[in-house]
Amino acid sequence: MSACEDVRMALGAHILGALDADEAVLIEAHLATCPECRAEFDQLRMITVLLAKVSEEDIEQAASPPHAVLDRMIAASAKRHRVHRLLLGLAASLVAVVLAGTAWLAVDTSQEAATTAAGAPEARSAPADAAQRDQANSGRSLTSPSESPLLKQDEPAPPDRTVPVALTGEGGGVRAKLKLFPGDEGTTVQVSISGVPDGTSCRVTAIGMDGTRSPAGSWTIDDADYHGGPATFTGHTELTMERIRGFDIRTATGKRLVSIPYTR
Amino acid sequence: MSPAGTADEQLIRTLFDEHAGSLYGYVLRLTGDPGKAEDVVQETLLRAWKHPDVLTDRPVRAWLFTVARNLVVDHHRARKSRPQETTDEALAVIPADDELERAVESWGVADAIAALRPEHRAVLLETYYRGRSVKEAAEALGIPPGTVKSRTYYALRALKLALEERGLAP
């Protein structure tokens, strides 16, 4: 092993002041005469400036992140996906309603056309008229919303619930609009809020008829969320529409920003 | 779990592994409250996850530490609005901008050391932070003095690379 190699191996301990005095003197003597080892020494020595900026506790902290937070973050991201899937499902059922409605109109129109066209030569034949009326009625009943297999499959809610319920609440300069969408596992809540400072953490809570408080999600108002209009957020509560008395939106520290009653 | 969920989970784990330890340490110093520090770390990292653009076009560390500090300040302001609590002490811990820069740097150093191989980290802890000689460190770690020396040298070289990767080269 050459003198340089011996010195290099001891350089770290020398820089950190861990060599005994005799050995340190030998290393210094070599550094005074060897530019290469000197350059390496100068480079590594700079690191001690940074080492001095942290404590052993800091290093232990950095090496042991709080794992409970990881679990909560993964749960939060999964929840977000569940809400997205619910909304996608809802959008699909709305499309189904529109398609079914269109089909119904198409059948209805063709029936009328048939009546008009076929009616001309046999205009005075009462039994034929009656038969055509029956046919028209049966055609109508086949495509009525309550009987459509498409609707039965995709939209269990009665027709008056396919339109989201809109609620508003106002107070102290804060204005919130909520849209409620019924779902299989509760209610999806679309919130748009204005009058809340950027950076505020908001928690939406659904309040049940029996006083139950069910969290519907939390988010932080972010400049990027505003897009020139109110900030919007979509959450989900386990409470079904019938069981909801209202909502409140609070900051992360529990200060109430606004209450939104569900008046029926 | 859908493929999108898996990719999201992967990003969350990466964010957590790279930043959660030092971010938590930083926030804990500001708040002194482990529960609140966990909440702030969670909120900060979830924001980074929801806005992945912030991870590409600016120094991630500075962004995360700024968001975390702002969340702490918000908590503090909310507390201040409640009259029953005095806040002079709490006010003293809210850092100024240059303190934030120093925190980003020093927690980056802590991360770089934490990311070293365990045997490298161990010799640095013994020789530098506990002030032990090569002989004392060899006894504490149960390895020959020559190994303490060479490991200390390689640990410093590895640390230099880790610091350069983090933009913290001296």
# chains A, B, ... in the order shown; residues from 1 in each chain; ligands from 1

call {"tool": "closest_atom_pairs", "arguments": {"of": "chain B", "to": "chain A", "cutoff": "6 Å", "atoms": "only C-alpha atoms", "output": "JSON lines"}}
result
{"residue": "B:Ala20", "atom": "CA", "partner": "A:Pro65", "partner_atom": "CA", "distance": 5.3}
{"residue": "B:Gly21", "atom": "CA", "partner": "A:Pro65", "partner_atom": "CA", "distance": 3.7}
{"residue": "B:Ser22", "atom": "CA", "partner": "A:Ala62", "partner_atom": "CA", "distance": 4.5}
{"residue": "B:Gly25", "atom": "CA", "partner": "A:Gln61", "partner_atom": "CA", "distance": 5.8}
{"residue": "B:Gln42", "atom": "CA", "partner": "A:Val69", "partner_atom": "CA", "distance": 5.9}
{"residue": "B:Ser106", "atom": "CA", "partner": "A:Lys53", "partner_atom": "CA", "distance": 5.6}
{"residue": "B:Ala110", "atom": "CA", "partner": "A:Ile59", "partner_atom": "CA", "distance": 4.8}
{"residue": "B:Asp111", "atom": "CA", "partner": "A:Ala62", "partner_atom": "CA", "distance": 5.5}
{"residue": "B:Ala114", "atom": "CA", "partner": "A:Ala63", "partner_atom": "CA", "distance": 5.0}
{"residue": "B:Thr127", "atom": "CA", "partner": "A:Ala18", "partner_atom": "CA", "distance": 5.9}
{"residue": "B:Tyr128", "atom": "CA", "partner": "A:Leu16", "partner_atom": "CA", "distance": 5.7}
{"residue": "B:Ser133", "atom": "CA", "partner": "A:Ala18", "partner_atom": "CA", "distance": 4.2}
{"residue": "B:Val134", "atom": "CA", "partner": "A:Ala18", "partner_atom": "CA", "distance": 5.3}
{"residue": "B:Lys149", "atom": "CA", "partner": "A:Ala10", "partner_atom": "CA", "distance": 5.3}
{"residue": "B:Ser150", "atom": "CA", "partner": "A:Met9", "partner_atom": "CA", "distance": 4.7}
{"residue": "B:Thr152", "atom": "CA", "partner": "A:Gly12", "partner_atom": "CA", "distance": 5.1}
{"residue": "B:Tyr153", "atom": "CA", "partner": "A:Gly12", "partner_atom": "CA", "distance": 4.0}
{"residue": "B:Pro170", "atom": "CA", "partner": "A:Met46", "partner_atom": "CA", "distance": 5.8}

call {"tool": "write_last_selection", "arguments": {"atoms": "C-alpha atoms", "output": "short mmCIF file (atom, residue, chain, number, x, y, z; two decimals), in the first residue's frame"}}
result
data_model
loop_
_atom_site.label_atom_id
_atom_site.label_comp_id
_atom_site.auth_asym_id
_atom_site.auth_seq_id
_atom_site.Cartn_x
_atom_site.Cartn_y
_atom_site.Cartn_z
CA ALA B 20 -41.75 13.07 5.37
CA GLY B 21 -38.98 12.55 7.92
CA SER B 22 -37.33 15.92 7.60
CA GLY B 25 -38.85 17.19 12.07
CA GLN B 42 -50.01 14.98 5.60
CA SER B 106 -30.08 21.89 7.21
CA ALA B 110 -29.98 15.62 7.71
CA ASP B 111 -31.72 13.73 4.90
CA ALA B 114 -29.98 9.64 6.92
CA THR B 127 -16.64 10.17 15.20
CA TYR B 128 -18.28 13.52 14.48
CA SER B 133 -11.74 8.84 18.55
CA VAL B 134 -11.11 6.11 15.99
CA LYS B 149 -10.91 4.93 9.31
CA SER B 150 -11.70 3.61 5.84
CA THR B 152 -15.20 7.31 7.64
CA TYR B 153 -13.38 8.22 4.43
CA PRO B 170 -20.41 22.81 -0.10
#

call {"tool": "select_by_dssp", "arguments": {"residues": "chain B", "states": "alpha helix (DSSP H)", "output": "ChimeraX atom specification"}}
result
/B:3-15,21-31,34-50,60-80,88-92,97-114,118-124,134-141,145-165

call {"tool": "write_last_selection", "arguments": {"atoms": "C-alpha atoms", "output": "compact mmCIF listing (two decimals), in the first residue's frame"}}
result
# COMPACT_ATOMS: atom_id res chain seq x y z
CA PRO B 3 -53.78 0.89 -12.05
CA ALA B 4 -54.29 4.63 -11.50
CA GLY B 5 -54.60 4.01 -7.77
CA THR B 6 -51.37 2.03 -7.76
CA ALA B 7 -49.51 4.80 -9.59
CA ASP B 8 -50.93 7.32 -7.14
CA GLU B 9 -49.93 5.18 -4.20
CA GLN B 10 -46.44 4.91 -5.67
CA LEU B 11 -46.15 8.68 -5.95
CA ILE B 12 -47.39 9.10 -2.39
CA ARG B 13 -44.86 6.58 -1.10
CA THR B 14 -42.06 8.31 -2.97
CA LEU B 15 -43.06 11.72 -1.60
CA GLY B 21 -38.98 12.55 7.92
CA SER B 22 -37.33 15.92 7.60
CA LEU B 23 -40.60 17.75 6.98
CA TYR B 24 -42.01 16.25 10.16
CA GLY B 25 -38.85 17.19 12.07
CA TYR B 26 -39.12 20.76 10.80
CA VAL B 27 -42.81 21.17 11.63
CA LEU B 28 -42.39 19.52 15.03
CA ARG B 29 -39.77 22.16 15.93
CA LEU B 30 -42.25 24.88 14.93
CA THR B 31 -45.32 23.52 16.68
CA PRO B 34 -46.56 15.78 17.33
CA GLY B 35 -50.23 15.37 16.33
CA LYS B 36 -50.41 18.76 14.67
CA ALA B 37 -47.04 18.14 12.99
CA GLU B 38 -48.40 14.91 11.48
CA ASP B 39 -51.49 16.74 10.19
CA VAL B 40 -49.36 19.44 8.58
CA VAL B 41 -47.03 16.90 6.94
CA GLN B 42 -50.01 14.98 5.60
CA GLU B 43 -51.69 18.10 4.22
CA THR B 44 -48.43 19.35 2.67
CA LEU B 45 -47.54 16.10 0.93
CA LEU B 46 -51.12 15.56 -0.28
CA ARG B 47 -51.01 18.99 -1.86
CA ALA B 48 -47.82 18.07 -3.68
CA TRP B 49 -49.51 14.87 -4.81
CA LYS B 50 -52.59 16.73 -6.08
CA VAL B 60 -39.51 20.70 -4.31
CA ARG B 61 -37.97 21.08 -0.89
CA ALA B 62 -38.40 24.82 -0.70
CA TRP B 63 -41.99 24.47 -1.91
CA LEU B 64 -42.87 21.79 0.65
CA PHE B 65 -41.27 23.67 3.54
CA THR B 66 -43.02 26.89 2.53
CA VAL B 67 -46.42 25.19 2.34
CA ALA B 68 -45.83 23.49 5.71
CA ARG B 69 -44.76 26.74 7.32
CA ASN B 70 -47.82 28.55 5.95
CA LEU B 71 -50.08 25.84 7.34
CA VAL B 72 -48.43 26.25 10.75
CA VAL B 73 -48.91 30.01 10.53
CA ASP B 74 -52.59 29.51 9.64
CA HIS B 75 -53.08 27.23 12.63
CA HIS B 76 -51.39 29.83 14.76
CA ARG B 77 -53.56 32.69 13.49
CA ALA B 78 -56.68 30.62 14.05
CA ARG B 79 -55.52 29.97 17.62
CA LYS B 80 -54.77 33.65 18.11
CA ASP B 88 -46.76 35.54 22.58
CA GLU B 89 -44.70 32.41 23.01
CA ALA B 90 -46.19 30.72 19.95
CA LEU B 91 -45.53 33.82 17.86
CA ALA B 92 -41.83 33.55 18.58
CA ASP B 97 -37.92 33.78 5.27
CA ASP B 98 -34.17 33.46 5.84
CA GLU B 99 -34.85 31.01 8.63
CA LEU B 100 -36.93 29.00 6.18
CA GLU B 101 -33.99 28.88 3.77
CA ARG B 102 -31.69 27.72 6.54
CA ALA B 103 -34.19 25.04 7.54
CA VAL B 104 -34.47 23.77 3.95
CA GLU B 105 -30.68 23.51 3.84
CA SER B 106 -30.08 21.89 7.21
CA TRP B 107 -32.92 19.38 6.83
CA GLY B 108 -31.50 18.54 3.40
CA VAL B 109 -28.19 17.74 5.10
CA ALA B 110 -29.98 15.62 7.71
CA ASP B 111 -31.72 13.73 4.90
CA ALA B 112 -28.47 13.18 3.03
CA ILE B 113 -26.86 11.68 6.15
CA ALA B 114 -29.98 9.64 6.92
CA PRO B 118 -26.17 2.34 7.87
CA GLU B 119 -22.49 1.50 8.43
CA HIS B 120 -21.44 4.83 6.93
CA ARG B 121 -23.97 6.72 9.00
CA ALA B 122 -22.80 4.89 12.12
CA VAL B 123 -19.14 5.95 11.82
CA LEU B 124 -20.13 9.58 11.18
CA VAL B 134 -11.11 6.11 15.99
CA LYS B 135 -10.19 3.74 18.83
CA GLU B 136 -13.34 4.57 20.86
CA ALA B 137 -15.57 4.29 17.81
CA ALA B 138 -14.01 0.91 16.97
CA GLU B 139 -14.88 -0.35 20.45
CA ALA B 140 -18.41 1.07 20.33
CA LEU B 141 -19.12 -0.46 16.93
CA PRO B 145 -9.84 0.74 14.01
CA GLY B 146 -8.64 0.42 10.39
CA THR B 147 -12.24 -0.25 9.31
CA VAL B 148 -13.47 2.83 11.21
CA LYS B 149 -10.91 4.93 9.31
CA SER B 150 -11.70 3.61 5.84
CA ARG B 151 -15.46 3.72 6.46
CA THR B 152 -15.20 7.31 7.64
CA TYR B 153 -13.38 8.22 4.43
CA TYR B 154 -15.92 6.41 2.21
CA ALA B 155 -18.80 7.83 4.24
CA LEU B 156 -17.59 11.38 3.58
CA ARG B 157 -17.19 10.66 -0.13
CA ALA B 158 -20.70 9.14 -0.31
CA LEU B 159 -22.07 12.09 1.64
CA LYS B 160 -20.45 14.53 -0.76
CA LEU B 161 -22.30 12.84 -3.65
CA ALA B 162 -25.59 12.76 -1.70
CA LEU B 163 -25.27 16.48 -0.94
CA GLU B 164 -24.48 17.28 -4.57
CA GLU B 165 -27.60 15.34 -5.65

call {"tool": "residues_around", "arguments": {"residues": "Gly172 of chain A", "least_positions_apart": "6", "cutoff": "10 Å", "atoms": "only C-alpha atoms", "output": "count of residues only"}}
result
4

call {"tool": "atom_distance", "arguments": {"atom1": "atom CA of Thr187 of chain A", "atom2": "atom CA of His236 of chain A"}}
result
5.8 Å

call {"tool": "atom_distance", "arguments": {"atom1": "atom CA of Glu36 of chain A", "atom2": "atom CA of Glu23 of chain A"}}
result
19.2 Å

call {"tool": "select_by_dssp", "arguments": {"residues": "segment 223-257 of chain A", "states": "strand (DSSP E)", "output": "PyMOL selection string"}}
result
chain A and resi 231-237+244-251+256-257

call {"tool": "write_last_selection", "arguments": {"atoms": "C-alpha atoms", "output": "mmCIF file, in the first residue's frame"}}
result
data_model
loop_
_atom_site.group_PDB
_atom_site.id
_atom_site.type_symbol
_atom_site.label_atom_id
_atom_site.label_comp_id
_atom_site.auth_asym_id
_atom_site.auth_seq_id
_atom_site.Cartn_x
_atom_site.Cartn_y
_atom_site.Cartn_z
ATOM 1 C CA ALA A 231 -63.217 27.440 -5.312
ATOM 2 C CA THR A 232 -64.837 24.065 -5.872
ATOM 3 C CA PHE A 233 -64.378 20.746 -4.146
ATOM 4 C CA THR A 234 -66.121 17.387 -4.263
ATOM 5 C CA GLY A 235 -66.613 15.258 -1.171
ATOM 6 C CA HIS A 236 -68.693 12.380 0.015
ATOM 7 C CA THR A 237 -70.714 11.604 3.128
ATOM 8 C CA ILE A 244 -79.248 14.983 5.960
ATOM 9 C CA ARG A 245 -80.429 18.031 7.871
ATOM 10 C CA GLY A 246 -77.710 20.337 6.616
ATOM 11 C CA PHE A 247 -73.977 20.938 6.331
ATOM 12 C CA ASP A 248 -71.385 23.086 7.938
ATOM 13 C CA ILE A 249 -67.977 24.123 6.688
ATOM 14 C CA ARG A 250 -65.283 24.767 9.269
ATOM 15 C CA THR A 251 -61.599 25.565 9.238
ATOM 16 C CA ARG A 256 -67.260 27.668 11.563
ATOM 17 C CA LEU A 257 -67.118 29.429 8.194
#

call {"tool": "residues_around", "arguments": {"residues": "Ser194 of chain A", "least_positions_apart": "5", "cutoff": "10 Å", "atoms": "only C-alpha atoms", "output": "list in words"}}
result
Glu170, Gly173, Val174, Arg175, Ala176, Lys177, Ile221, Tyr226, Gly229, Pro230, Ala231 and Thr232 of chain A

call {"tool": "closest_residue", "arguments": {"among": "A:Gly208, A:Pro164, A:Pro197, A:Pro35", "to": "Leu239 of chain A", "atoms": "only C-alpha atoms"}}
result
A:Gly208

call {"tool": "atom_distance", "arguments": {"atom1": "atom CA of Glu18 of chain B", "atom2": "atom CA of Arg130 of chain B"}}
result
26.1 Å
